[in-house]
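One file, run_0.cif, carrying mmCIF, C-alpha atoms:
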```
data_coords
loop_
_atom_site.label_atom_id
_atom_site.label_comp_id
_atom_site.auth_asym_id
_atom_site.auth_seq_id
_atom_site.Cartn_x
_atom_site.Cartn_y
_atom_site.Cartn_z
CA MET A 1 0.00 0.00 0.00
CA ILE A 2 2.67 2.45 1.02
CA ASN A 3 4.77 1.34 -1.94
CA ILE A 4 1.98 2.25 -4.37
CA PHE A 5 1.69 5.64 -2.70
CA MET A 6 5.42 6.26 -3.05
CA ILE A 7 5.41 5.20 -6.70
CA ILE A 8 2.51 7.55 -7.47
CA ILE A 9 4.33 10.48 -5.84
CA MET A 10 7.56 9.62 -7.64
CA ILE A 11 5.90 9.43 -11.06
CA SER A 12 4.15 12.74 -10.49
CA MET A 13 7.48 14.26 -9.44
CA ILE A 14 9.12 13.08 -12.66
CA ILE A 15 6.26 14.50 -14.73
CA ALA A 16 6.53 17.78 -12.83
CA ALA A 17 10.29 17.86 -13.47
CA ILE A 18 9.79 17.50 -17.21
CA LYS A 19 7.05 20.14 -17.14
CA ALA A 20 9.25 22.48 -15.10
CA ILE A 21 12.02 22.29 -17.66
CA THR A 22 9.86 22.53 -20.76
CA ALA A 23 7.34 25.12 -19.52
CA VAL A 24 7.14 28.33 -21.53
CA LYS A 25 6.44 30.75 -18.70
CA LEU A 26 9.00 31.03 -15.92
CA LEU A 27 6.31 31.35 -13.24
CA ASP A 28 4.90 27.93 -14.11
CA SER A 29 8.42 26.55 -14.01
CA ILE A 30 8.99 27.90 -10.50
CA PHE A 31 5.76 26.44 -9.17
CA PHE A 32 6.43 23.03 -10.70
CA PHE A 33 9.80 23.14 -8.95
CA SER A 34 8.03 23.93 -5.70
CA PHE A 35 5.79 20.91 -6.25
CA ILE A 36 8.90 18.73 -6.60
CA GLY A 37 10.05 19.99 -3.20
CA ILE A 38 6.71 19.08 -1.62
CA GLY A 39 6.83 15.59 -3.09
CA ALA A 40 10.39 15.13 -1.84
CA THR A 41 9.23 16.19 1.63
CA ILE A 42 6.54 13.48 1.68
CA LEU A 43 9.00 10.86 0.43
CA PHE A 44 11.59 11.80 3.07
CA ALA A 45 8.95 11.50 5.78
CA ILE A 46 7.91 8.06 4.50
CA MET A 47 11.53 6.89 4.25
CA LYS A 48 12.10 7.36 8.02
CA ALA A 49 14.03 10.62 7.79
CA PRO A 50 11.97 13.22 9.69
CA ASP A 51 14.89 15.64 10.16
CA VAL A 52 15.55 15.79 6.43
CA ALA A 53 11.82 16.19 5.76
CA LEU A 54 11.66 19.20 8.09
CA THR A 55 14.68 20.77 6.44
CA GLU A 56 13.31 20.22 2.96
CA ALA A 57 9.92 21.64 3.96
CA ALA A 58 11.39 24.78 5.53
CA VAL A 59 14.36 25.47 3.28
CA GLY A 60 13.83 23.67 0.00
CA THR A 61 10.14 24.42 -0.41
CA GLY A 62 9.55 27.69 1.39
CA LEU A 63 12.69 29.76 1.17
CA ILE A 64 13.91 28.78 -2.29
CA THR A 65 10.53 29.57 -3.86
CA LEU A 66 10.62 33.04 -2.29
CA VAL A 67 14.14 33.62 -3.61
CA PHE A 68 13.17 32.49 -7.11
CA LEU A 69 10.07 34.70 -7.11
CA SER A 70 12.07 37.72 -5.94
CA THR A 71 14.60 37.15 -8.72
CA LEU A 72 11.81 36.81 -11.26
CA ARG A 73 10.33 40.09 -10.03
CA LYS A 74 13.71 41.78 -10.34
CA THR A 75 14.45 40.48 -13.82
CA SER A 76 11.09 40.94 -15.56
CA LYS A 77 10.68 44.65 -16.11
CA GLU A 78 9.57 45.09 -19.68
CA ASP A 79 10.25 41.89 -21.57
CA GLU A 80 7.81 39.37 -20.17
CA HIS A 81 7.57 37.80 -23.59
CA GLU A 82 11.03 36.31 -23.20
CA SER A 83 10.66 32.71 -22.22
CA MET B 1 12.62 1.19 -7.36
CA MET B 2 13.12 4.42 -5.44
CA SER B 3 16.80 4.60 -6.30
CA ILE B 4 16.18 4.14 -10.04
CA SER B 5 13.53 6.85 -10.00
CA SER B 6 15.90 9.16 -8.12
CA ILE B 7 18.62 8.64 -10.72
CA LEU B 8 16.04 9.36 -13.42
CA LEU B 9 15.11 12.62 -11.68
CA MET B 10 18.79 13.58 -11.47
CA LEU B 11 19.26 12.84 -15.19
CA ILE B 12 16.22 14.97 -16.06
CA GLY B 13 17.80 17.83 -14.12
CA LEU B 14 21.11 17.39 -15.94
CA TRP B 15 19.31 17.33 -19.30
CA GLY B 16 17.61 20.60 -18.44
CA ALA B 17 20.86 22.19 -17.31
CA ILE B 18 22.48 21.25 -20.62
CA THR B 19 19.71 22.16 -23.03
CA GLN B 20 18.00 25.23 -21.55
CA LYS B 21 19.04 28.77 -22.42
CA ASN B 22 17.44 30.85 -19.69
CA LEU B 23 19.58 31.38 -16.59
CA ILE B 24 16.72 31.00 -14.10
CA LYS B 25 15.68 27.78 -15.78
CA ILE B 26 19.23 26.46 -15.54
CA PHE B 27 19.17 27.02 -11.80
CA ILE B 28 15.78 25.29 -11.56
CA SER B 29 17.29 22.31 -13.41
CA LEU B 30 20.22 22.20 -11.01
CA GLY B 31 17.76 22.21 -8.11
CA ILE B 32 15.89 19.26 -9.62
CA ALA B 33 19.15 17.33 -10.01
CA GLU B 34 20.04 18.09 -6.40
CA THR B 35 16.65 16.81 -5.20
CA GLY B 36 17.28 13.59 -7.11
CA VAL B 37 20.66 13.08 -5.45
CA ASN B 38 19.13 13.71 -2.01
CA LEU B 39 16.38 11.16 -2.64
CA LEU B 40 18.98 8.64 -3.82
CA PHE B 41 21.04 8.99 -0.64
CA ILE B 42 18.03 8.65 1.64
CA SER B 43 16.63 5.69 -0.31
CA ILE B 44 19.80 3.61 0.10
CA ALA B 45 19.82 4.21 3.87
CA ASP B 46 17.97 0.92 4.51
CA TYR B 47 14.64 2.21 5.75
CA VAL B 48 12.45 -0.86 5.18
CA GLY B 49 11.11 -2.13 8.48
CA LYS B 50 13.25 0.24 10.51
CA LYS B 51 12.33 3.11 12.79
CA ALA B 52 13.40 6.71 12.55
CA PRO B 53 16.77 7.27 14.28
CA ILE B 54 15.42 8.66 17.54
CA ILE B 55 16.32 6.35 20.38
CA ALA B 56 13.59 5.80 22.96
CA ASP B 57 15.32 3.25 25.18
CA PRO B 58 19.07 3.73 25.75
CA ASN B 59 19.64 -0.02 26.09
CA ILE B 60 18.23 -0.95 22.66
CA VAL B 61 20.23 0.63 19.84
CA THR B 62 19.38 -1.63 16.90
CA GLY B 63 16.47 -1.51 14.48
CA TYR B 64 16.87 2.13 13.54
CA ALA B 65 17.59 3.65 10.16
CA ASP B 66 21.14 4.76 9.35
CA PRO B 67 21.61 8.35 10.63
CA LEU B 68 24.74 9.13 8.62
CA PRO B 69 23.09 9.77 5.20
CA HIS B 70 20.46 11.84 6.96
CA ALA B 71 23.10 14.13 8.43
CA LEU B 72 24.89 14.37 5.08
CA ILE B 73 21.71 15.34 3.24
CA LEU B 74 20.80 17.82 5.97
CA THR B 75 24.04 19.63 5.18
CA SER B 76 23.54 19.21 1.44
CA ILE B 77 20.09 20.85 1.34
CA VAL B 78 21.25 23.97 3.20
CA ILE B 79 24.40 24.34 1.09
CA GLY B 80 22.40 23.81 -2.11
CA THR B 81 19.99 26.56 -1.12
CA ALA B 82 22.88 28.92 -0.39
CA VAL B 83 24.53 28.17 -3.73
CA THR B 84 21.24 28.72 -5.58
CA ALA B 85 20.70 32.05 -3.81
CA LEU B 86 24.20 33.21 -4.74
CA GLY B 87 23.71 32.18 -8.36
CA LEU B 88 20.39 34.02 -8.55
CA THR B 89 22.11 37.09 -7.13
CA PHE B 90 24.62 36.99 -9.97
CA THR B 91 21.74 36.47 -12.41
CA ALA B 92 19.89 39.55 -11.17
CA ARG B 93 23.04 41.67 -11.30
CA TYR B 94 23.76 40.50 -14.84
CA TYR B 95 20.26 41.46 -15.87
CA CYS B 96 20.74 44.93 -14.36
CA GLN B 97 23.90 45.38 -16.41
CA LYS B 98 22.97 43.82 -19.75
CA GLY B 99 19.21 43.44 -19.80
CA THR B 100 19.06 39.82 -20.92
CA LEU B 101 18.95 36.35 -19.43
CA ASP B 102 19.66 34.35 -22.58
CA ILE B 103 23.00 32.58 -22.38
CA SER B 104 23.34 32.44 -26.18
CA ARG B 105 23.51 36.24 -26.14
CA MET B 106 26.37 36.41 -23.65
CA LYS B 107 29.20 37.38 -25.97
CA GLU B 108 31.41 39.35 -23.60
CA LEU B 109 34.14 36.77 -23.36
CA LYS B 110 34.01 35.76 -27.02
CA ASN B 111 36.88 38.02 -28.14
CA MET C 1 19.78 32.98 -33.84
CA SER C 2 19.00 29.79 -35.71
CA ARG C 3 21.41 26.95 -35.44
CA LYS C 4 23.18 25.77 -38.56
CA PHE C 5 23.90 22.27 -37.33
CA ILE C 6 23.00 20.06 -34.39
CA ASN C 7 25.72 20.00 -31.81
CA PRO C 8 27.25 16.51 -31.69
CA LEU C 9 28.35 17.09 -28.10
CA LYS C 10 24.72 16.77 -27.09
CA PHE C 11 24.52 13.21 -28.35
CA ILE C 12 27.77 12.28 -26.66
CA TRP C 13 26.40 13.60 -23.39
CA ALA C 14 23.15 11.68 -23.80
CA ILE C 15 24.86 8.38 -24.65
CA ALA C 16 27.32 8.73 -21.77
CA LEU C 17 24.57 9.47 -19.26
CA ILE C 18 22.45 6.56 -20.45
CA LEU C 19 25.45 4.22 -20.18
CA ILE C 20 26.15 5.42 -16.64
CA PHE C 21 22.49 4.93 -15.74
CA VAL C 22 22.39 1.39 -17.09
CA ASN C 23 25.63 0.49 -15.33
CA LEU C 24 24.46 1.83 -12.00
CA ILE C 25 21.21 -0.15 -11.78
CA PRO C 26 22.58 -3.48 -10.44
CA VAL C 27 24.63 -1.71 -7.79
CA PHE C 28 21.57 -0.30 -6.08
CA LEU C 29 19.47 -3.43 -6.52
CA SER C 30 22.02 -5.76 -4.93
CA THR C 31 21.61 -6.82 -1.34
CA ASP C 32 25.33 -6.98 -0.56
CA LEU C 33 25.23 -3.38 0.55
CA LYS C 34 22.84 -4.18 3.35
CA ALA C 35 24.90 -7.08 4.71
CA GLU C 36 28.00 -5.05 5.47
CA GLU C 37 28.45 -3.30 8.73
CA ARG C 38 27.73 0.37 8.40
CA VAL C 39 29.30 3.29 10.16
CA GLY C 40 25.85 4.39 11.23
CA ASP C 41 25.34 1.31 13.42
CA VAL C 42 28.45 2.10 15.43
CA LEU C 43 27.39 5.74 15.73
CA LEU C 44 23.93 4.69 16.88
CA SER C 45 25.34 2.39 19.53
CA MET C 46 27.40 5.29 20.89
CA THR C 47 24.58 7.84 20.74
CA PRO C 48 22.80 7.20 24.11
CA GLY C 49 26.00 8.07 25.94
CA ASN C 50 27.03 4.85 27.58
CA ASP C 51 30.72 5.18 26.80
CA GLY C 52 31.80 8.61 25.68
CA GLY C 53 28.82 9.18 23.43
CA ALA C 54 26.61 12.15 22.83
CA GLY C 55 23.93 11.33 25.38
CA ILE C 56 20.89 12.46 23.42
CA PRO C 57 18.04 10.48 21.79
CA ASN C 58 18.16 12.04 18.31
CA GLY C 59 20.77 10.24 16.24
CA VAL C 60 20.89 12.77 13.43
CA THR C 61 21.57 15.65 15.82
CA ALA C 62 24.32 13.61 17.45
CA VAL C 63 26.01 13.10 14.09
CA VAL C 64 25.53 16.70 12.94
CA VAL C 65 26.61 18.53 16.08
CA TYR C 66 28.88 16.13 17.95
CA TYR C 67 30.59 13.57 15.72
CA ARG C 68 30.72 15.81 12.63
CA GLY C 69 30.77 19.15 14.41
CA LEU C 70 33.49 20.65 12.25
CA ASP C 71 31.34 20.08 9.16
CA THR C 72 28.56 22.10 10.76
CA LEU C 73 31.03 24.87 11.53
CA GLY C 74 32.06 24.94 7.88
CA GLU C 75 28.43 24.90 6.77
CA VAL C 76 27.62 27.90 8.94
CA SER C 77 30.70 29.63 7.51
CA VAL C 78 29.45 28.98 3.98
CA LEU C 79 26.06 30.45 4.88
CA PHE C 80 27.76 33.53 6.34
CA LEU C 81 29.84 33.91 3.17
CA VAL C 82 26.78 33.68 0.93
CA SER C 83 24.86 36.18 3.06
CA THR C 84 27.78 38.62 2.89
CA ALA C 85 28.17 38.17 -0.86
CA VAL C 86 24.48 38.77 -1.51
CA GLY C 87 24.63 41.91 0.61
CA LEU C 88 27.72 43.05 -1.29
CA PHE C 89 26.04 42.62 -4.67
CA PHE C 90 22.65 44.05 -3.81
CA GLY C 91 23.56 46.57 -1.16
CA ARG C 92 24.58 49.55 -3.29
CA GLU C 93 21.84 49.09 -5.84
CA LYS C 94 19.82 52.29 -6.10
CA SER C 95 16.08 52.38 -6.38
CA GLU C 96 14.80 51.31 -9.75
CA THR C 97 11.61 53.10 -10.59
CA LYS C 98 9.14 50.28 -10.35
CA SER C 99 5.48 50.53 -9.62
CA GLU C 100 4.99 49.41 -6.03
CA THR C 101 2.40 46.66 -6.00
CA LYS C 102 0.10 46.71 -3.02
CA PRO C 103 0.32 43.66 -0.75
CA ASN C 104 -2.58 41.32 -0.54
CA GLU C 105 -5.41 42.32 1.78
CA ILE C 106 -5.56 38.91 3.45
CA VAL C 107 -1.83 38.88 4.16
CA SER C 108 -1.74 42.35 5.64
CA HIS C 109 -4.73 41.70 7.89
CA SER C 110 -3.90 38.22 9.14
CA LYS C 111 -0.24 38.75 9.83
CA THR C 112 -0.73 39.63 13.50
CA LEU C 113 -2.71 36.43 13.94
CA VAL C 114 -0.10 34.18 12.38
CA LEU C 115 3.12 35.79 13.68
CA PRO C 116 3.21 34.33 17.24
CA HIS C 117 2.66 30.84 15.92
CA PHE C 118 5.61 31.15 13.56
CA MET C 119 7.84 32.32 16.40
CA LEU C 120 6.64 29.69 18.87
CA THR C 121 7.02 26.82 16.39
CA GLY C 122 10.51 27.92 15.44
CA LEU C 123 11.66 28.28 19.03
CA TYR C 124 10.13 24.93 20.00
CA ILE C 125 11.92 23.18 17.16
CA ILE C 126 15.22 24.85 18.07
CA PHE C 127 15.02 24.06 21.79
CA HIS C 128 13.89 20.44 21.28
CA GLY C 129 16.44 19.72 18.58
CA HIS C 130 18.14 17.02 20.64
CA LEU C 131 14.95 15.22 21.65
CA SER C 132 12.71 15.26 18.57
CA PRO C 133 13.17 15.84 14.83
CA GLY C 134 14.34 19.34 14.09
CA GLY C 135 17.12 21.56 15.23
CA GLY C 136 18.91 24.77 14.55
CA PHE C 137 18.64 24.94 10.78
CA GLN C 138 14.95 24.06 10.51
CA GLY C 139 13.82 26.09 13.49
CA GLY C 140 15.95 29.06 12.49
CA VAL C 141 14.39 29.18 9.04
CA MET C 142 10.90 28.81 10.52
CA ALA C 143 11.47 31.64 13.00
CA ALA C 144 12.88 33.76 10.18
CA GLY C 145 9.65 33.11 8.31
CA MET C 146 8.07 35.56 10.74
CA VAL C 147 10.12 38.46 9.39
CA LEU C 148 9.69 37.22 5.83
CA LEU C 149 5.93 37.41 6.34
CA LEU C 150 6.29 40.99 7.60
CA LEU C 151 8.30 41.84 4.49
CA LEU C 152 5.68 40.23 2.27
CA ALA C 153 2.94 42.21 4.00
CA GLY C 154 4.62 45.43 2.96
CA ASP C 155 6.15 46.54 6.25
CA ARG C 156 9.53 48.16 6.08
CA VAL C 157 11.70 46.21 8.46
CA LYS C 158 14.79 48.33 8.95
CA GLN C 159 18.05 46.57 8.29
CA THR C 160 19.53 47.52 11.59
CA LYS C 161 23.01 46.99 12.87
CA ALA C 162 21.60 44.84 15.68
CA LEU C 163 20.81 42.06 13.23
CA HIS C 164 24.42 41.86 12.06
CA PHE C 165 25.62 42.09 15.64
CA ILE C 166 23.42 39.18 16.76
CA GLU C 167 24.59 37.13 13.79
CA GLY C 168 28.27 37.67 14.51
CA PHE C 169 27.78 37.26 18.24
CA ALA C 170 26.07 33.87 17.87
CA GLY C 171 28.81 32.68 15.52
CA SER C 172 31.48 33.80 17.94
CA LEU C 173 29.77 32.07 20.86
CA TYR C 174 29.68 28.84 18.84
CA ILE C 175 33.45 28.94 18.44
CA ILE C 176 34.02 30.03 22.06
CA VAL C 177 31.87 27.21 23.44
CA ALA C 178 33.69 24.74 21.19
CA THR C 179 37.13 26.05 22.17
CA LEU C 180 36.38 25.85 25.90
CA GLY C 181 36.63 22.09 25.45
CA LEU C 182 40.40 22.49 25.10
CA TYR C 183 40.50 24.31 28.42
CA PHE C 184 38.53 21.61 30.21
CA GLY C 185 40.75 18.82 28.98
CA VAL C 186 38.79 17.37 26.06
CA SER C 187 39.11 18.04 22.35
CA PHE C 188 37.70 20.86 20.25
CA LEU C 189 33.89 20.48 20.28
CA GLY C 190 34.29 17.92 23.04
CA GLN C 191 31.76 17.16 25.74
CA TYR C 192 32.62 18.85 29.05
CA LEU C 193 29.25 19.67 30.58
CA PRO C 194 27.35 17.05 32.63
CA LEU C 195 25.10 14.87 30.53
CA GLY C 196 22.09 14.89 32.81
CA GLU C 197 19.18 12.52 32.66
CA PHE C 198 18.51 10.82 29.33
CA ASN C 199 15.57 12.09 27.28
CA THR C 200 14.87 15.25 29.26
CA LEU C 201 15.11 18.86 28.10
CA LEU C 202 18.16 19.75 30.20
CA SER C 203 20.43 17.00 28.97
CA GLY C 204 23.08 16.44 26.38
CA GLY C 205 25.76 18.79 27.69
CA ILE C 206 26.96 21.28 25.09
CA LEU C 207 24.90 19.92 22.18
CA PRO C 208 21.66 21.91 22.78
CA VAL C 209 23.72 25.03 23.52
CA ILE C 210 25.55 24.79 20.20
CA TYR C 211 22.35 24.06 18.29
CA ILE C 212 20.66 27.12 19.82
CA PHE C 213 23.54 29.30 18.61
CA VAL C 214 23.34 27.70 15.16
CA GLY C 215 19.61 28.44 15.09
CA ILE C 216 20.06 32.11 15.98
CA LYS C 217 22.80 32.53 13.39
CA VAL C 218 20.90 30.79 10.59
CA GLY C 219 17.71 32.74 11.32
CA THR C 220 19.38 36.14 11.23
CA GLU C 221 21.30 35.19 8.09
CA ILE C 222 18.12 34.13 6.29
CA ILE C 223 16.44 37.42 7.27
CA GLY C 224 19.39 39.44 5.94
CA LEU C 225 19.59 37.41 2.73
CA TYR C 226 15.95 37.81 1.84
CA GLN C 227 15.98 41.47 2.85
CA ASN C 228 18.83 42.09 0.44
CA PHE C 229 16.86 40.31 -2.26
CA GLN C 230 13.80 42.44 -1.73
CA ASN C 231 15.00 45.92 -0.89
CA LYS C 232 14.29 48.47 -3.54
CA GLU C 233 14.54 51.80 -1.82
CA ALA C 234 15.27 50.83 1.76
CA GLU C 235 18.40 52.84 2.22
CA GLU C 236 18.91 53.81 5.80
#
```
Re-express the file's structure as structure tokens.
Amino acid sequence: MINIFMIIIMISMIIAAIKAITAVKLLDSIFFFSFIGIGATILFAIMKAPDVALTEAAVGTGLITLVFLSTLRKTSKEDEHES
Amino acid sequence: MMSISSILLMLIGLWGAITQKNLIKIFISLGIAETGVNLLFISIADYVGKKAPIIADPNIVTGYADPLPHALILTSIVIGTAVTALGLTFTARYYCQKGTLDISRMKELKN
Amino acid sequence: MSRKFINPLKFIWAIALILIFVNLIPVFLSTDLKAEERVGDVLLSMTPGNDGGAGIPNGVTAVVVYYRGLDTLGEVSVLFLVSTAVGLFFGREKSETKSETKPNEIVSHSKTLVLPHFMLTGLYIIFHGHLSPGGGFQGGVMAAGMVLLLLLAGDRVKQTKALHFIEGFAGSLYIIVATLGLYFGVSFLGQYLPLGEFNTLLSGGILPVIYIFVGIKVGTEIIGLYQNFQNKEAEE
């Protein structure tokens, strides 16, 4: 049961990775990357690593998304059409 | 199963880092590859049927997962975040100077 | 910018990566790796503090702070370096004329409701880092989320000198506490405080003290890093 759950999360993470790389808009790319962090958090918690899951949830999902969004806000002044 | 999927995730990140042209997307690809490596290390730490490495009884010290990869990955996540933040800082400064993020238009070092 | 030809280096990369992937599969599927004795088993047997161990329940904290304490010192140094570099690159940037977007109504109204919970959760995770999952890095980032929420809600949090002073002071106390081990006759980062009773809050000797300092330092560094990323016209 738990194996099927892990496989579903892993497959959705791989699909999200491909979508994050091939997405046209950078905002979609950043949110797919955030989804990969959430999936990795769940997998770490299942694989008996609660410390790593807490770190990934706080740092890898929360902080890095904020940093990416701030950079996107800094670097998109007039040419939003650039992919 | 988990380890093969983690290697696949890492390879997808490497493919993105090689083929993409936008700087922010390159850093996203590097982050995906780093997540794959972290999942690989945790998945080979022998978690099946074990408990999380928090010892309840000081006389029984077996039956827990290996804490060494956990500590390594704890360091790796924080360092990866710091490296990504530094790279995005350089990206934003480059955009302030040149006004582009496309790496095929970076011709400053090409004589 | 249309390409004239397809780069052959791309195919070489792809073939090499696929070959590496195929070669690596049997290594991770084999069961020989599980039969060998691991370093982690020895570390776990020393963790409860029977013979010169750490004396705390959490095995990961024991490895991070006690057995591999120098690595944590280097990690904190790397974080300090990155925070300084980001401040160096963004600090002298003048205000770009950009239309100030108003913060969301929900964020600006519910921030006073959410703030104490952020702070309490972060401090709980820092102070119970040796008993339960968590520790300095996680709790520091969570407590720094409080100030990040204030920044998102549009408040101008002044980049005061006190923030830098707290950051440097916590880092210095980390090294001072570690160096006092040489004075008391054990090694650098050695255990010289009494261990106390197992699985209580006041136990573990110097490990909770060091993790509290790491938490303070990481939290202030995260606040400074994100503040440098966001400031537009916040010159003092």
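Closest to Val82 in chain C among B:Gly80, B:Ser104, B:Ile32, B:Ala52 is B:Gly80, based on all atoms listed in the file.
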Just say which residues the PyMOL selection byres ((chain A) within 6 of (chain B)) picks in this file, as a ChimeraX atom specification. /A:21,47-48,52
Within 7 Å of chain A, which residues belong to chain C? Use all atoms listed in the file and report them as JSON, numbers by chain. {"C": [133, 134, 138, 141, 142, 229, 230]}
For this structure, which residues satisfy the selection - the PyMOL selection byres ((chain A and resi 13) around 12) - when it is evaluated on the file as given? I want them as a ChimeraX atom specification. /A:6-12,14-20,32-43 /B:5-6,8-10,12-13,32,35-36,39
Quick one: which residues end up in the PyMOL selection byres ((chain C) within 6 of (chain B)) for this structure, as number ranges by chain? C: 40, 45, 48, 57-60, 64
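The space separating CA of Leu26 in chain A from CA of Ile18 in chain C comes to 28.3 Å.
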Using CA of Ala45 in chain A and CA of Thr61 in chain A as the two end points, give the distance in Å to one decimal. 14.4 Å
Could you pull the residues within 9 Å of Gly171 in chain C, counting all atoms listed in the file, minus those fewer than 6 positions along the same chain, as a PyMOL selection string? chain C and resi 76-77+213-214+216-217
Taking C-alpha atoms for each residue, export the selection above as an mmCIF file, keeping the file's coordinate frame.
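The resulting file, selection36.cif, is shown below:
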```
data_model
loop_
_atom_site.group_PDB
_atom_site.id
_atom_site.type_symbol
_atom_site.label_atom_id
_atom_site.label_comp_id
_atom_site.auth_asym_id
_atom_site.auth_seq_id
_atom_site.Cartn_x
_atom_site.Cartn_y
_atom_site.Cartn_z
ATOM 1 C CA VAL C 76 27.620 27.900 8.940
ATOM 2 C CA SER C 77 30.700 29.630 7.510
ATOM 3 C CA PHE C 213 23.540 29.300 18.610
ATOM 4 C CA VAL C 214 23.340 27.700 15.160
ATOM 5 C CA ILE C 216 20.060 32.110 15.980
ATOM 6 C CA LYS C 217 22.800 32.530 13.390
#
```
Have a look at CA of Gly154 in chain C and CA of Val114 in chain C and let me know their distance in Å, one decimal. 15.4 Å
Nearby residues (all atoms listed in the file) at most 12 Å from Gly190 in chain C, same-chain spacing under 5 positions excluded, as a PyMOL selection string: chain C and resi 52-54+65-70+175+177-185+204-207+210
